[in-house]
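Structure file upload31.txt with compact mmCIF, C-alpha atoms and all ligand atoms:
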# COMPACT_ATOMS: atom_id res chain seq x y z
CA MET A 22 0.79 0.19 -28.89
CA LYS A 23 -2.80 0.74 -27.77
CA ASP A 24 -3.02 2.23 -24.27
CA ILE A 25 -4.83 -0.51 -22.36
CA LEU A 26 -3.85 0.62 -18.86
CA LYS A 27 -5.27 4.16 -19.18
CA VAL A 28 -3.28 5.48 -16.24
CA GLU A 29 -1.08 8.15 -17.80
CA GLY A 30 -1.67 11.61 -16.32
CA LYS A 31 -3.63 10.26 -13.35
CA LYS A 32 -2.89 11.46 -9.80
CA ALA A 33 -2.12 9.03 -7.00
CA LEU A 34 -1.75 9.30 -3.25
CA ILE A 35 0.35 6.44 -1.87
CA THR A 36 0.54 6.22 1.92
CA GLY A 37 3.79 4.64 3.05
CA GLY A 38 5.00 5.56 -0.42
CA THR A 39 8.65 6.12 0.46
CA SER A 40 9.56 2.59 1.53
CA GLY A 41 9.09 -1.05 0.59
CA ILE A 42 5.89 -1.95 -1.24
CA GLY A 43 4.67 1.67 -1.38
CA ARG A 44 7.98 2.90 -2.78
CA ALA A 45 8.11 0.18 -5.46
CA THR A 46 4.55 1.15 -6.39
CA ALA A 47 5.45 4.85 -6.53
CA LEU A 48 8.38 4.18 -8.86
CA LEU A 49 6.31 1.94 -11.12
CA PHE A 50 3.46 4.48 -11.27
CA LEU A 51 5.94 7.24 -12.16
CA GLU A 52 7.30 5.13 -15.00
CA PHE A 53 3.78 4.85 -16.41
CA GLY A 54 3.23 8.61 -16.24
CA ILE A 55 1.17 8.73 -13.05
CA ASP A 56 1.85 11.72 -10.77
CA VAL A 57 2.52 10.44 -7.27
CA ALA A 58 2.20 11.96 -3.81
CA ALA A 59 4.23 9.66 -1.57
CA ASN A 60 3.25 9.94 2.07
CA TYR A 61 5.44 8.83 4.99
CA SER A 62 5.60 9.38 8.73
CA LYS A 63 9.16 9.98 9.95
CA ASN A 64 12.05 9.04 7.71
CA ASP A 65 13.01 12.21 5.79
CA GLU A 66 16.17 10.61 4.40
CA LYS A 67 14.16 7.91 2.64
CA ALA A 68 11.82 10.54 1.23
CA LYS A 69 14.78 12.51 -0.10
CA SER A 70 16.30 9.41 -1.69
CA LEU A 71 12.98 8.68 -3.42
CA VAL A 72 12.96 12.21 -4.85
CA GLU A 73 16.44 11.50 -6.27
CA GLU A 74 15.40 8.10 -7.65
CA ALA A 75 12.30 9.59 -9.26
CA LYS A 76 14.26 12.12 -11.31
CA GLY A 77 13.81 11.60 -15.06
CA LYS A 78 10.69 9.44 -14.69
CA LYS A 79 7.56 10.23 -16.71
CA GLY A 80 5.34 11.16 -13.77
CA ARG A 81 5.84 13.89 -11.20
CA LEU A 82 6.61 13.08 -7.56
CA ILE A 83 5.87 15.01 -4.40
CA THR A 84 6.40 13.74 -0.85
CA VAL A 85 3.95 14.46 1.95
CA LYS A 86 4.93 13.83 5.55
CA GLY A 87 2.25 12.97 8.10
CA ASP A 88 0.81 10.29 10.34
CA VAL A 89 -2.16 8.61 8.65
CA SER A 90 -3.50 7.34 11.95
CA ASP A 91 -4.38 10.92 12.91
CA TYR A 92 -7.66 12.28 11.51
CA GLU A 93 -6.68 15.95 11.27
CA THR A 94 -3.28 15.09 9.80
CA VAL A 95 -4.97 13.13 7.01
CA ARG A 96 -7.19 16.14 6.31
CA ARG A 97 -3.99 18.21 5.86
CA ILE A 98 -2.25 15.52 3.73
CA VAL A 99 -5.21 15.31 1.34
CA GLU A 100 -5.48 19.11 1.15
CA GLU A 101 -1.77 19.33 0.26
CA VAL A 102 -2.15 16.74 -2.51
CA ILE A 103 -5.23 18.44 -3.95
CA LYS A 104 -3.40 21.78 -3.90
CA GLU A 105 -0.51 20.30 -5.92
CA PHE A 106 -2.31 17.87 -8.21
CA GLY A 107 -5.88 19.23 -8.33
CA THR A 108 -7.42 15.81 -7.66
CA ILE A 109 -6.81 12.22 -6.53
CA ASP A 110 -7.63 9.39 -8.96
CA PHE A 111 -5.88 6.55 -7.16
CA LEU A 112 -5.43 5.92 -3.44
CA VAL A 113 -2.95 3.22 -2.47
CA HIS A 114 -2.83 2.63 1.27
CA SER A 115 0.48 0.98 2.11
CA ALA A 116 1.49 2.69 5.38
CA GLY A 117 2.22 0.10 8.02
CA ILE A 118 4.27 -0.98 10.98
CA PRO A 119 5.33 -4.34 12.37
CA THR A 120 3.82 -5.37 15.72
CA PRO A 121 5.58 -3.40 18.45
CA GLN A 122 6.59 -5.42 21.49
CA PRO A 123 5.63 -6.11 24.24
CA ASP A 124 1.98 -7.05 23.86
CA THR A 125 0.45 -4.13 25.79
CA PRO A 126 -2.84 -2.28 25.34
CA GLU A 127 -0.85 0.75 24.09
CA ASN A 128 0.91 -1.29 21.41
CA TRP A 129 -2.31 -3.03 20.36
CA ASP A 130 -3.89 0.40 20.00
CA LYS A 131 -0.94 1.72 17.97
CA VAL A 132 -1.18 -1.07 15.39
CA MET A 133 -4.94 -0.61 15.09
CA ARG A 134 -4.54 3.12 14.66
CA VAL A 135 -1.87 2.91 11.92
CA HIS A 136 -3.51 0.09 9.97
CA LEU A 137 -7.23 0.49 10.56
CA TYR A 138 -8.12 3.99 11.79
CA SER A 139 -6.09 5.25 8.82
CA CYS A 140 -8.55 3.52 6.46
CA TYR A 141 -11.38 5.43 8.11
CA ASN A 142 -9.44 8.72 8.01
CA LEU A 143 -8.49 8.35 4.35
CA GLU A 144 -12.03 7.40 3.39
CA LYS A 145 -13.39 10.57 5.00
CA PHE A 146 -11.14 12.88 2.97
CA VAL A 147 -10.33 11.05 -0.30
CA VAL A 148 -13.67 9.45 -1.14
CA PRO A 149 -15.60 12.76 -1.48
CA VAL A 150 -13.07 13.84 -4.13
CA MET A 151 -13.60 10.61 -6.08
CA LYS A 152 -17.37 10.60 -5.59
CA GLU A 153 -17.69 14.07 -7.04
CA LYS A 154 -16.09 12.99 -10.31
CA ARG A 155 -17.69 9.54 -10.14
CA SER A 156 -14.46 7.63 -10.65
CA GLY A 157 -11.52 6.34 -8.67
CA LYS A 158 -9.50 3.32 -7.63
CA ILE A 159 -8.62 2.42 -4.07
CA VAL A 160 -6.13 -0.31 -3.21
CA ILE A 161 -5.49 -1.15 0.43
CA VAL A 162 -2.43 -3.24 1.28
CA SER A 163 -3.43 -5.96 3.76
CA SER A 164 -1.40 -9.10 4.47
CA LEU A 165 -1.37 -12.85 4.19
CA CYS A 166 -1.54 -12.67 8.00
CA ALA A 167 -5.17 -11.57 7.61
CA HIS A 168 -5.89 -15.09 6.37
CA SER A 169 -4.10 -16.80 9.25
CA THR A 170 -5.33 -17.79 12.68
CA GLY A 171 -3.14 -15.15 14.35
CA LYS A 172 -5.08 -13.21 16.96
CA ASN A 173 -2.40 -10.56 17.39
CA ALA A 174 -3.02 -6.89 16.61
CA TYR A 175 -1.19 -7.10 13.26
CA SER A 176 -3.28 -9.97 11.85
CA CYS A 177 -6.54 -8.61 13.22
CA SER A 178 -5.90 -5.12 11.86
CA MET A 179 -5.07 -6.59 8.45
CA ALA A 180 -8.26 -8.68 8.47
CA GLY A 181 -10.13 -5.51 9.41
CA LYS A 182 -8.73 -3.78 6.33
CA ILE A 183 -10.24 -6.46 4.08
CA CYS A 184 -13.62 -6.17 5.79
CA PHE A 185 -13.47 -2.38 5.51
CA ALA A 186 -12.56 -2.54 1.81
CA LYS A 187 -15.43 -4.90 0.98
CA GLY A 188 -17.95 -2.62 2.70
CA LEU A 189 -16.52 0.42 0.97
CA ALA A 190 -16.53 -1.34 -2.39
CA LYS A 191 -20.24 -2.07 -2.07
CA GLU A 192 -21.02 1.51 -1.13
CA LEU A 193 -18.90 3.05 -3.89
CA ALA A 194 -19.68 0.78 -6.83
CA PRO A 195 -22.51 3.04 -8.05
CA PHE A 196 -19.95 5.86 -8.21
CA ASN A 197 -17.64 3.86 -10.47
CA ILE A 198 -15.05 3.60 -7.69
CA ASN A 199 -13.30 0.25 -7.31
CA VAL A 200 -11.98 -0.80 -3.91
CA ASN A 201 -9.77 -3.85 -3.52
CA THR A 202 -7.10 -5.18 -1.19
CA VAL A 203 -3.85 -7.00 -1.88
CA SER A 204 -2.50 -9.43 0.67
CA PRO A 205 1.24 -9.89 0.26
CA GLY A 206 3.06 -12.88 1.66
CA THR A 207 6.63 -12.41 2.85
CA ILE A 208 8.19 -9.50 0.95
CA PHE A 209 11.68 -8.46 1.91
CA THR A 210 11.28 -4.72 2.41
CA PRO A 211 12.86 -2.50 5.07
CA MET A 212 10.15 -3.81 7.43
CA LEU A 213 12.02 -7.14 7.45
CA GLU A 214 15.54 -5.72 7.23
CA TYR A 215 16.43 -7.29 10.59
CA ILE A 216 16.47 -10.70 8.85
CA PRO A 217 19.98 -11.46 7.58
CA GLU A 218 20.48 -12.00 3.83
CA GLU A 219 21.28 -15.71 4.19
CA GLU A 220 18.17 -16.34 6.24
CA ARG A 221 16.02 -14.48 3.69
CA ILE A 222 17.19 -16.78 0.92
CA LYS A 223 16.63 -19.87 3.07
CA MET A 224 13.12 -18.76 4.08
CA THR A 225 12.28 -17.97 0.46
CA LYS A 226 13.47 -21.31 -0.92
CA GLU A 227 11.61 -23.22 1.79
CA ASN A 228 8.32 -21.32 1.81
CA ILE A 229 7.72 -19.61 -1.52
CA PRO A 230 7.16 -22.16 -4.31
CA LEU A 231 7.39 -19.66 -7.18
CA TYR A 232 10.88 -18.67 -5.99
CA ARG A 233 12.16 -22.22 -5.65
CA ASN A 234 14.11 -21.95 -8.90
CA LYS A 235 14.64 -18.20 -8.89
CA GLU A 236 17.52 -16.14 -7.59
CA GLY A 237 17.08 -13.89 -4.56
CA TYR A 238 13.82 -13.23 -2.76
CA PRO A 239 10.58 -11.29 -3.32
CA LYS A 240 10.75 -7.51 -3.00
CA GLY A 241 8.18 -4.73 -3.25
CA GLU A 242 8.07 -4.90 -7.06
CA GLU A 243 6.19 -8.23 -6.87
CA VAL A 244 3.27 -6.42 -5.25
CA ALA A 245 3.61 -3.11 -7.11
CA SER A 246 2.76 -4.73 -10.46
CA VAL A 247 -0.50 -6.10 -9.03
CA ILE A 248 -1.35 -2.68 -7.60
CA LEU A 249 -0.73 -1.12 -11.03
CA PHE A 250 -3.14 -3.68 -12.50
CA LEU A 251 -5.74 -2.79 -9.86
CA VAL A 252 -5.64 0.93 -10.62
CA SER A 253 -5.59 0.37 -14.38
CA ASP A 254 -8.51 -0.02 -16.75
CA LEU A 255 -7.68 -3.73 -17.07
CA SER A 256 -9.30 -4.36 -13.67
CA ARG A 257 -12.36 -2.16 -14.21
CA HIS A 258 -14.73 -5.08 -13.49
CA ILE A 259 -13.04 -6.08 -10.20
CA THR A 260 -14.18 -4.65 -6.87
CA GLY A 261 -14.49 -5.85 -3.28
CA GLN A 262 -11.80 -8.48 -3.81
CA ASP A 263 -8.66 -9.46 -1.99
CA ILE A 264 -5.75 -10.63 -4.12
CA ILE A 265 -3.14 -12.71 -2.35
CA VAL A 266 0.32 -11.97 -3.76
CA ASP A 267 2.57 -14.55 -2.17
CA GLY A 268 4.27 -16.72 -4.80
CA GLY A 269 2.28 -19.69 -3.53
CA GLN A 270 3.26 -19.29 0.13
CA PHE A 271 -0.32 -19.83 1.34
CA ILE A 272 -0.98 -23.00 -0.65
CA HIS A 273 2.40 -24.32 0.45
CA TYR A 274 1.47 -24.29 4.16
N1 LIG A 301 6.94 -6.71 3.96
C1 LIG A 301 6.10 -7.71 4.09
O1 LIG A 301 6.49 -8.90 4.15
C2 LIG A 301 4.63 -7.45 4.18
C3 LIG A 301 3.77 -8.54 4.01
C4 LIG A 301 2.41 -8.31 4.08
C5 LIG A 301 1.91 -7.05 4.31
N2 LIG A 301 2.77 -6.01 4.48
C6 LIG A 301 2.16 -4.70 4.73
O2 LIG A 301 2.44 -3.88 3.60
C7 LIG A 301 2.50 -2.51 4.00
C8 LIG A 301 3.82 -1.94 3.54
O3 LIG A 301 4.86 -2.64 4.19
P1 LIG A 301 6.39 -2.54 3.78
O4 LIG A 301 6.95 -3.89 3.97
O5 LIG A 301 6.49 -1.85 2.49
O6 LIG A 301 6.92 -1.62 5.00
P2 LIG A 301 8.10 -0.55 5.10
O7 LIG A 301 9.13 -0.77 4.08
O8 LIG A 301 8.48 -0.55 6.54
O9 LIG A 301 7.35 0.83 4.75
C9 LIG A 301 6.36 1.34 5.58
C10 LIG A 301 5.98 2.72 5.09
O10 LIG A 301 4.87 3.17 5.89
C11 LIG A 301 5.16 4.46 6.42
N3 LIG A 301 4.44 4.62 7.68
C12 LIG A 301 4.52 3.89 8.82
N4 LIG A 301 3.67 4.37 9.74
C13 LIG A 301 3.04 5.42 9.17
C14 LIG A 301 2.07 6.35 9.62
N5 LIG A 301 1.55 6.27 10.84
N6 LIG A 301 1.66 7.32 8.77
C15 LIG A 301 2.18 7.42 7.52
N7 LIG A 301 3.11 6.57 7.04
C16 LIG A 301 3.53 5.60 7.86
C17 LIG A 301 6.67 4.46 6.59
O11 LIG A 301 7.16 5.79 6.71
P3 LIG A 301 8.52 6.06 7.57
O12 LIG A 301 9.59 5.25 6.89
O13 LIG A 301 8.69 7.52 7.47
O14 LIG A 301 8.21 5.58 8.97
C18 LIG A 301 7.08 3.77 5.28
O15 LIG A 301 7.02 4.70 4.21
C19 LIG A 301 2.33 -2.51 5.52
O16 LIG A 301 0.99 -2.28 5.85
C20 LIG A 301 2.73 -3.93 5.90
O17 LIG A 301 2.18 -4.30 7.12
C21 LIG A 301 4.11 -6.17 4.41
Produce structure tokens that represent the structure in this file.
Amino acid sequence: MKDILKVEGKKALITGGTSGIGRATALLFLEFGIDVAANYSKNDEKAKSLVEEAKGKKGRLITVKGDVSDYETVRRIVEEVIKEFGTIDFLVHSAGIPTPQPDTPENWDKVMRVHLYSCYNLEKFVVPVMKEKRSGKIVIVSSLCAHSTGKNAYSCSMAGKICFAKGLAKELAPFNINVNTVSPGTIFTPMLEYIPEEERIKMTKENIPLYRNKEGYPKGEEVASVILFLVSDLSRHITGQDIIVDGGQFIHY
């Protein structure tokens, strides 16, 4: 079959690539022959289990530990990836945390740092690599919360990601670099593992129209396929856009 995706052999850095949406994306990319550097912050066990799961896939996987909210750490992460892979063609930014409680200035700052400062940090070190070769794809994972009226740190940081991506898209279009965001609705990843199985199914049936007659509930794979589309040649004429991936959750409200 004709290769319409044109992703095989490309090199990707996926932040938050060892869990949830990032992990599903890493595994899908590997299947399509993309070499993946999966970044994470703390959980070495999860990183090790991803290495196991990736065995036998078409692409090559490396894991890179480091906090993306820290400028110098991101410099080191990008240097490590370049050393291993030689370049970065795709950046998928999926590192994230739920809103820590209580609502204190420190916790507000933490969410902003992980979700938003990280965009700035990654731009500083990944974009020059892409600009030099005048090609690249950047996908930032935002959230349906960015489209809500929530004024908490989580929603505001996610809205900030969309704003950031649109500005970056405008700046980088002449360099043939596409920048888009995806805004997932409720996706049952480890971030929501505190919700019991029964409650997940109930929430899904009530709030996600496309799952009304489907078994189970949405997992990271629902978003990973859209991210693959956004790094592939099929989306070459799309930039500065936010794609809501929510099974109809937003229109249902
Ligand atoms: N799940 C949903 O319903 C949903 C909906 C909309 C948007 N989102 C957003 O989608 C993104 C992915 O969420 P998820 O559900 O896949 O979460 P997840 O399963 O909890 O995975 C989060 C990943 O981010 C990494 N991470 C956290 N803080 C980091 C930091 N400072 N530096 C580097 N890596 C860091 C984690 O590494 P460790 O495991 O090592 O900490 C983990 O690999 C997040 O931005 C989230 O807010 C999620």
Legend entry - Spatial neighbours of Pro230 in chain A, max dist 8 Å, all atoms listed in the file, sep filter under 2 positions, as number ranges by chain: A: 226-228, 232-233, 268-270, 273
Legend entry - Residues near Ala180 in chain A, cut-off 7 Å, only C-alpha atoms, skip fewer than 4 positions along chain, as a list in words: Ala167, Ser176 and Cys184 of chain A
Inset, instruction - Produce as a ChimeraX atom specification the set of residues near ligand LIG 301 (chain A), where near means within 7 Å with only C-alpha atoms and all ligand atoms considered. - result: /A:36-43,60-65,67,87-90,115-119,135-136,162-165,204-213,241
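In this model, the gap between CA of Glu105 in chain A and CA of Ile83 in chain A comes to 8.4 Å.
The spacing separating CA of Glu236 in chain A from CA of Cys166 in chain A amounts to 24.9 Å.
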Legend entry - 6 Å contact set for range 255-264 of chain A, all atoms listed in the file, chain neighbours under 2 positions out, as JSON, numbers by chain: {"A": [187, 190, 199, 200, 201, 202, 203, 204, 251, 253]}
Inset, instruction - For Gly157 in chain A, list every protein, DNA or RNA residue within 10 Å, evaluated using all atoms listed in the file, and leave out those in the same chain fewer than 2 positions away; present the list as JSON, numbers by chain. - result: {"A": [31, 33, 109, 110, 111, 112, 147, 148, 150, 151, 152, 154, 155, 159, 193, 196, 197, 198, 199, 200, 252]}
